[in-house]
Amino acid sequence: MDVIPTLAGYVLFGLAVAHAVVDGRDNRAQRLCMIVTLLVFGTLLEYMGVSSGSYQYPREKLVNLGPVPLSVSLAWVGLIYSLMIIGERLRLPWWSRILATTLIALSLDWGMDPVAVHIGAWTWSRPGAYFGVPLFNFVGWFFIPIAYLLAYGLSWDRERRRPTLLTIAEIDHDPGFGKWGRLVYTILLVVPVSLILLTLTAGKIGGLGVMTDTPFAVFVICAVCTVLAAAGVVIRRRETLGHARKIDLVPPVILLVISINYTVFGLITGRPSLGLLMLFSAIPLWLVFFFSVRRRKRATDSRMIRG
């Protein structure tokens, strides 16, 4: 049973790579480069968390990168990649897209982390009031997608002479810096810029005393507001989520696999209340999947809205 979460990380990674290869056929080098940077970004995130003493992982049965199980790094790839794809399909202005993407991510973690702590997938050194999970964890989950999304999409609008934020599809078709310039930027700067942004946001907030003394009621209010806000955005923008090709279903399936995995573990490991909590927090993910199943005509212009 304990090998299932490990295998899930490999499956999520494989699905993300398959989607990148097929969906990014016009610029596969860029899309695969994105996958590599996501792997490095996720691994460094975990090294920073473990080395700070905030939490620790048990050794997995397959491959471990020092104190970090490889499956965890691989899962980050599938997770962030899918969140970014789905956020772009909502076709929102850039600032709304960033907020919607991170709210969907945070909704997932309100249910996932309590189950993970219960089954021993990782252990917090200073447990919080929310089923043993500290508030800093959720602050981190709020800013992690934002940090990578901003770093990866950063470009320069020559016409308006100001910075702009490109979508994955726009980078594939019109990299902004030129094809090779964008590849060099992705390889050399995306991860450092992401980590700097994360340090300046979540890192600074994590030092506040409120991170360790937050009452349970505050957690509950934040969780409910997050899930309802994310679900509201998905429902409001549901017409943009229909799929044109079978491969379009991969990102919502990845997120659904994560939620189902932790729902089942919550229900069968002696804490059914945690399974029900996971079901509630995954409402935005189920909605994304439900609206994505519907077919739509393939758009001739694959570019998304810029802010």
# chains A, B, ... in the order shown; residues from 1 in each chain; ligands from 1
call {"tool": "residues_around", "arguments": {"residues": "A:Ile86", "least_positions_apart": "6", "cutoff": "9 Å", "atoms": "only C-alpha atoms", "output": "MDAnalysis selection string"}}
result
chainID A and resid 101 241 251:252 288
call {"tool": "residues_around", "arguments": {"residues": "stretch 28-36 of chain A", "least_positions_apart": "5", "cutoff": "12 Å", "atoms": "only C-alpha atoms", "output": "JSON, numbers by chain"}}
result
{"A": [13, 14, 15, 16, 17, 18, 19, 20, 21, 22, 23, 41, 42, 43, 73, 74, 75, 76, 77, 78, 79, 80, 81, 82, 84, 85, 148, 149, 151, 152, 153, 167, 168, 169, 170, 171, 172, 173, 174, 175, 178, 179, 180, 181, 182, 183, 184, 185, 186, 187, 188, 189, 190, 191]}
call {"tool": "atom_distance", "arguments": {"atom1": "atom CA of A:Leu256", "atom2": "atom CA of A:Val63"}}
result
24.6 Å
call {"tool": "closest_residue", "arguments": {"among": "A:Cys225, A:Leu135, A:Ile247, A:Tyr57", "to": "A:Ala116", "atoms": "only C-alpha atoms"}}
result
A:Tyr57
call {"tool": "closest_residue", "arguments": {"among": "A:Leu267, A:Phe131, A:Asp157, A:Leu165", "to": "A:Trp94", "atoms": "only C-alpha atoms"}}
result
A:Leu165
call {"tool": "closest_residue", "arguments": {"among": "A:Ala223, A:Ser292, A:Pro114, A:Glu239", "to": "A:Phe265", "atoms": "only C-alpha atoms"}}
result
A:Pro114
call {"tool": "select_by_dssp", "arguments": {"residues": "stretch 147-177 of chain A", "states": "alpha helix (DSSP H)", "output": "PyMOL selection string"}}
result
chain A and resi 147-153+168-173
call {"tool": "write_last_selection", "arguments": {"atoms": "N, CA and C atoms", "output": "CSV table (one decimal), in the first residue's frame"}}
result
chain,number,residue,atom,x,y,z
A,147,ALA,N,5.3,32.0,-8.3
A,147,ALA,CA,6.7,32.2,-8.6
A,147,ALA,C,7.2,31.6,-9.9
A,148,TYR,N,6.8,30.4,-10.1
A,148,TYR,CA,7.2,29.8,-11.4
A,148,TYR,C,6.5,30.3,-12.6
A,149,LEU,N,5.2,30.6,-12.5
A,149,LEU,CA,4.4,31.2,-13.6
A,149,LEU,C,5.0,32.5,-14.0
A,150,LEU,N,5.3,33.4,-13.1
A,150,LEU,CA,5.9,34.7,-13.4
A,150,LEU,C,7.2,34.5,-14.0
A,151,ALA,N,8.1,33.7,-13.5
A,151,ALA,CA,9.4,33.5,-14.0
A,151,ALA,C,9.4,32.9,-15.4
A,152,TYR,N,8.6,31.9,-15.7
A,152,TYR,CA,8.6,31.3,-17.0
A,152,TYR,C,7.9,32.2,-18.0
A,153,GLY,N,6.9,32.9,-17.7
A,153,GLY,CA,6.2,33.7,-18.7
A,153,GLY,C,6.7,35.1,-18.9
A,168,ILE,N,2.0,29.7,-22.0
A,168,ILE,CA,2.9,28.6,-22.5
A,168,ILE,C,2.7,28.5,-24.0
A,169,ALA,N,1.5,28.6,-24.5
A,169,ALA,CA,1.2,28.6,-26.0
A,169,ALA,C,1.9,29.7,-26.7
A,170,GLU,N,1.8,30.9,-26.1
A,170,GLU,CA,2.5,32.1,-26.7
A,170,GLU,C,4.0,31.9,-26.8
A,171,ILE,N,4.6,31.3,-25.8
A,171,ILE,CA,6.0,31.1,-25.8
A,171,ILE,C,6.4,30.1,-26.8
A,172,ASP,N,5.5,29.0,-27.0
A,172,ASP,CA,5.8,28.0,-28.0
A,172,ASP,C,5.8,28.7,-29.4
A,173,HIS,N,4.9,29.6,-29.7
A,173,HIS,CA,4.7,30.2,-31.0
A,173,HIS,C,5.5,31.4,-31.2
call {"tool": "residues_around", "arguments": {"residues": "A:Phe143", "least_positions_apart": "4", "cutoff": "8 Å", "atoms": "only C-alpha atoms", "output": "PyMOL selection string"}}
result
chain A and resi 102+139+147+198+201-202
call {"tool": "closest_residue", "arguments": {"among": "A:Glu159, A:Gly9, A:Trp122, A:Met112", "to": "A:Leu62", "atoms": "only C-alpha atoms"}}
result
A:Gly9
call {"tool": "residues_around", "arguments": {"residues": "A:Ala129", "least_positions_apart": "6", "cutoff": "8 Å", "atoms": "only C-alpha atoms", "output": "ChimeraX atom specification"}}
result
/A:214-216
call {"tool": "write_last_selection", "arguments": {"atoms": "C-alpha atoms", "output": "PDB file, in the first residue's frame"}}
result
ATOM      1  CA  THR A 214      -2.976  30.231  14.091  1.00  0.00           C
ATOM      2  CA  PRO A 215      -6.225  28.820  15.537  1.00  0.00           C
ATOM      3  CA  PHE A 216      -8.094  26.024  13.768  1.00  0.00           C
TER       4      PHE A 216
END
call {"tool": "residues_around", "arguments": {"residues": "A:Arg97", "least_positions_apart": "4", "cutoff": "6 Å", "atoms": "only C-alpha atoms", "output": "list of chain:residue names"}}
result
A:Gly87, A:Leu92, A:Pro93
call {"tool": "closest_residue", "arguments": {"among": "A:Ile258, A:Val264, A:Val68, A:Leu197", "to": "A:Met48", "atoms": "only C-alpha atoms"}}
result
A:Val68
call {"tool": "select_by_dssp", "arguments": {"residues": "stretch 39-236 of chain A", "states": "strand (DSSP E)", "output": "JSON, numbers by chain"}}
result
{"A": [55, 56, 64, 65, 68, 69, 123, 124, 154, 155, 156, 157, 162, 163, 164, 165]}
call {"tool": "residues_around", "arguments": {"residues": "A:Gly120", "least_positions_apart": "4", "cutoff": "12 Å", "atoms": "only C-alpha atoms", "output": "list in words"}}
result
Asp2, Pro5, Tyr55, Gln56, Tyr57, Pro58, Arg59, Glu60, Asp113, Pro114, Val115, Ala116, Trp124, Gly132, Phe265, Gly266 and Thr269 of chain A
call {"tool": "closest_residue", "arguments": {"among": "A:Leu39, A:Leu45, A:Ile283, A:Ala230", "to": "A:Ile144", "atoms": "only C-alpha atoms"}}
result
A:Leu45
call {"tool": "residues_around", "arguments": {"residues": "A:Asp109", "least_positions_apart": "2", "cutoff": "8 Å", "atoms": "only C-alpha atoms", "output": "number ranges by chain"}}
result
A: 105-107, 111-113, 138, 141, 281
call {"tool": "decode", "arguments": {"residues": "stretch 144-177 of chain A", "atoms": "N, CA, C and O atoms", "output": "compact mmCIF listing (two decimals), in the first residue's frame"}}
result
# COMPACT_ATOMS: atom_id res chain seq x y z
N ILE A 144 4.04 29.30 -4.56
CA ILE A 144 4.86 28.45 -5.43
C ILE A 144 4.42 28.51 -6.89
O ILE A 144 5.25 28.76 -7.79
N PRO A 145 3.13 28.30 -7.21
CA PRO A 145 2.73 28.42 -8.62
C PRO A 145 2.95 29.83 -9.17
O PRO A 145 3.35 29.99 -10.33
N ILE A 146 2.72 30.84 -8.35
CA ILE A 146 2.90 32.22 -8.80
C ILE A 146 4.35 32.46 -9.18
O ILE A 146 4.65 33.07 -10.22
N ALA A 147 5.27 31.99 -8.34
CA ALA A 147 6.69 32.24 -8.57
C ALA A 147 7.15 31.64 -9.90
O ALA A 147 7.82 32.30 -10.71
N TYR A 148 6.78 30.38 -10.14
CA TYR A 148 7.22 29.75 -11.39
C TYR A 148 6.50 30.35 -12.60
O TYR A 148 7.11 30.59 -13.65
N LEU A 149 5.20 30.60 -12.47
CA LEU A 149 4.43 31.16 -13.57
C LEU A 149 4.98 32.50 -14.02
O LEU A 149 5.15 32.76 -15.22
N LEU A 150 5.30 33.37 -13.06
CA LEU A 150 5.86 34.68 -13.39
C LEU A 150 7.23 34.55 -14.05
O LEU A 150 7.52 35.22 -15.04
N ALA A 151 8.06 33.68 -13.48
CA ALA A 151 9.41 33.53 -14.01
C ALA A 151 9.40 32.94 -15.42
O ALA A 151 10.12 33.40 -16.31
N TYR A 152 8.57 31.93 -15.65
CA TYR A 152 8.55 31.27 -16.95
C TYR A 152 7.94 32.17 -18.03
O TYR A 152 8.42 32.21 -19.17
N GLY A 153 6.89 32.89 -17.70
CA GLY A 153 6.18 33.68 -18.70
C GLY A 153 6.75 35.06 -18.94
O GLY A 153 6.30 35.77 -19.87
N LEU A 154 7.70 35.49 -18.15
CA LEU A 154 8.24 36.84 -18.28
C LEU A 154 8.81 37.11 -19.67
O LEU A 154 9.55 36.30 -20.22
N SER A 155 8.43 38.24 -20.26
CA SER A 155 8.94 38.61 -21.58
C SER A 155 8.88 40.12 -21.71
O SER A 155 8.56 40.83 -20.76
N TRP A 156 9.23 40.60 -22.91
CA TRP A 156 9.26 42.05 -23.16
C TRP A 156 8.34 42.37 -24.34
O TRP A 156 8.49 41.81 -25.43
N ASP A 157 7.39 43.26 -24.11
CA ASP A 157 6.48 43.71 -25.16
C ASP A 157 7.15 44.85 -25.92
O ASP A 157 7.27 45.97 -25.41
N ARG A 158 7.61 44.56 -27.14
CA ARG A 158 8.35 45.57 -27.91
C ARG A 158 7.47 46.74 -28.29
O ARG A 158 7.94 47.89 -28.35
N GLU A 159 6.20 46.49 -28.60
CA GLU A 159 5.31 47.56 -29.04
C GLU A 159 5.00 48.52 -27.90
O GLU A 159 5.04 49.74 -28.07
N ARG A 160 4.68 47.98 -26.74
CA ARG A 160 4.34 48.82 -25.59
C ARG A 160 5.56 49.20 -24.75
O ARG A 160 5.45 50.00 -23.82
N ARG A 161 6.68 48.56 -25.06
CA ARG A 161 7.94 48.83 -24.35
C ARG A 161 7.80 48.66 -22.84
O ARG A 161 8.13 49.54 -22.04
N ARG A 162 7.33 47.48 -22.48
CA ARG A 162 7.17 47.17 -21.06
C ARG A 162 7.17 45.66 -20.88
O ARG A 162 6.92 44.91 -21.83
N PRO A 163 7.45 45.19 -19.65
CA PRO A 163 7.42 43.73 -19.42
C PRO A 163 6.01 43.19 -19.63
O PRO A 163 5.01 43.90 -19.43
N THR A 164 5.92 41.94 -20.04
CA THR A 164 4.63 41.29 -20.22
C THR A 164 4.74 39.84 -19.77
O THR A 164 5.85 39.34 -19.55
N LEU A 165 3.61 39.19 -19.63
CA LEU A 165 3.59 37.80 -19.17
C LEU A 165 2.95 36.94 -20.25
O LEU A 165 1.76 37.07 -20.54
N LEU A 166 3.74 36.07 -20.87
CA LEU A 166 3.26 35.20 -21.93
C LEU A 166 2.70 33.91 -21.37
O LEU A 166 3.08 33.47 -20.29
N THR A 167 1.79 33.30 -22.12
CA THR A 167 1.29 31.98 -21.78
C THR A 167 2.24 30.93 -22.36
O THR A 167 3.12 31.25 -23.16
N ILE A 168 2.04 29.68 -21.98
CA ILE A 168 2.85 28.59 -22.52
C ILE A 168 2.69 28.53 -24.03
O ILE A 168 3.67 28.37 -24.77
N ALA A 169 1.45 28.65 -24.52
CA ALA A 169 1.20 28.58 -25.96
C ALA A 169 1.87 29.74 -26.69
O ALA A 169 2.44 29.56 -27.77
N GLU A 170 1.85 30.92 -26.12
CA GLU A 170 2.49 32.07 -26.75
C GLU A 170 4.00 31.89 -26.80
O GLU A 170 4.63 32.24 -27.80
N ILE A 171 4.57 31.33 -25.77
CA ILE A 171 6.01 31.09 -25.76
C ILE A 171 6.38 30.05 -26.81
O ILE A 171 7.41 30.17 -27.48
N ASP A 172 5.53 29.05 -26.99
CA ASP A 172 5.79 28.04 -28.02
C ASP A 172 5.80 28.65 -29.42
O ASP A 172 6.61 28.28 -30.26
N HIS A 173 4.89 29.60 -29.68
CA HIS A 173 4.74 30.16 -31.02
C HIS A 173 5.53 31.44 -31.23
O HIS A 173 6.02 31.71 -32.33
N ASP A 174 5.63 32.26 -30.20
CA ASP A 174 6.33 33.54 -30.33
C ASP A 174 7.08 33.80 -29.03
O ASP A 174 6.59 34.48 -28.13
N PRO A 175 8.27 33.24 -28.89
CA PRO A 175 9.00 33.27 -27.61
C PRO A 175 9.34 34.65 -27.06
O PRO A 175 9.71 34.77 -25.90
N GLY A 176 9.24 35.70 -27.86
CA GLY A 176 9.54 37.03 -27.35
C GLY A 176 11.02 37.37 -27.42
O GLY A 176 11.39 38.42 -27.95
N PHE A 177 11.87 36.50 -26.92
CA PHE A 177 13.32 36.72 -26.97
C PHE A 177 13.94 36.04 -28.19
O PHE A 177 15.16 36.00 -28.33
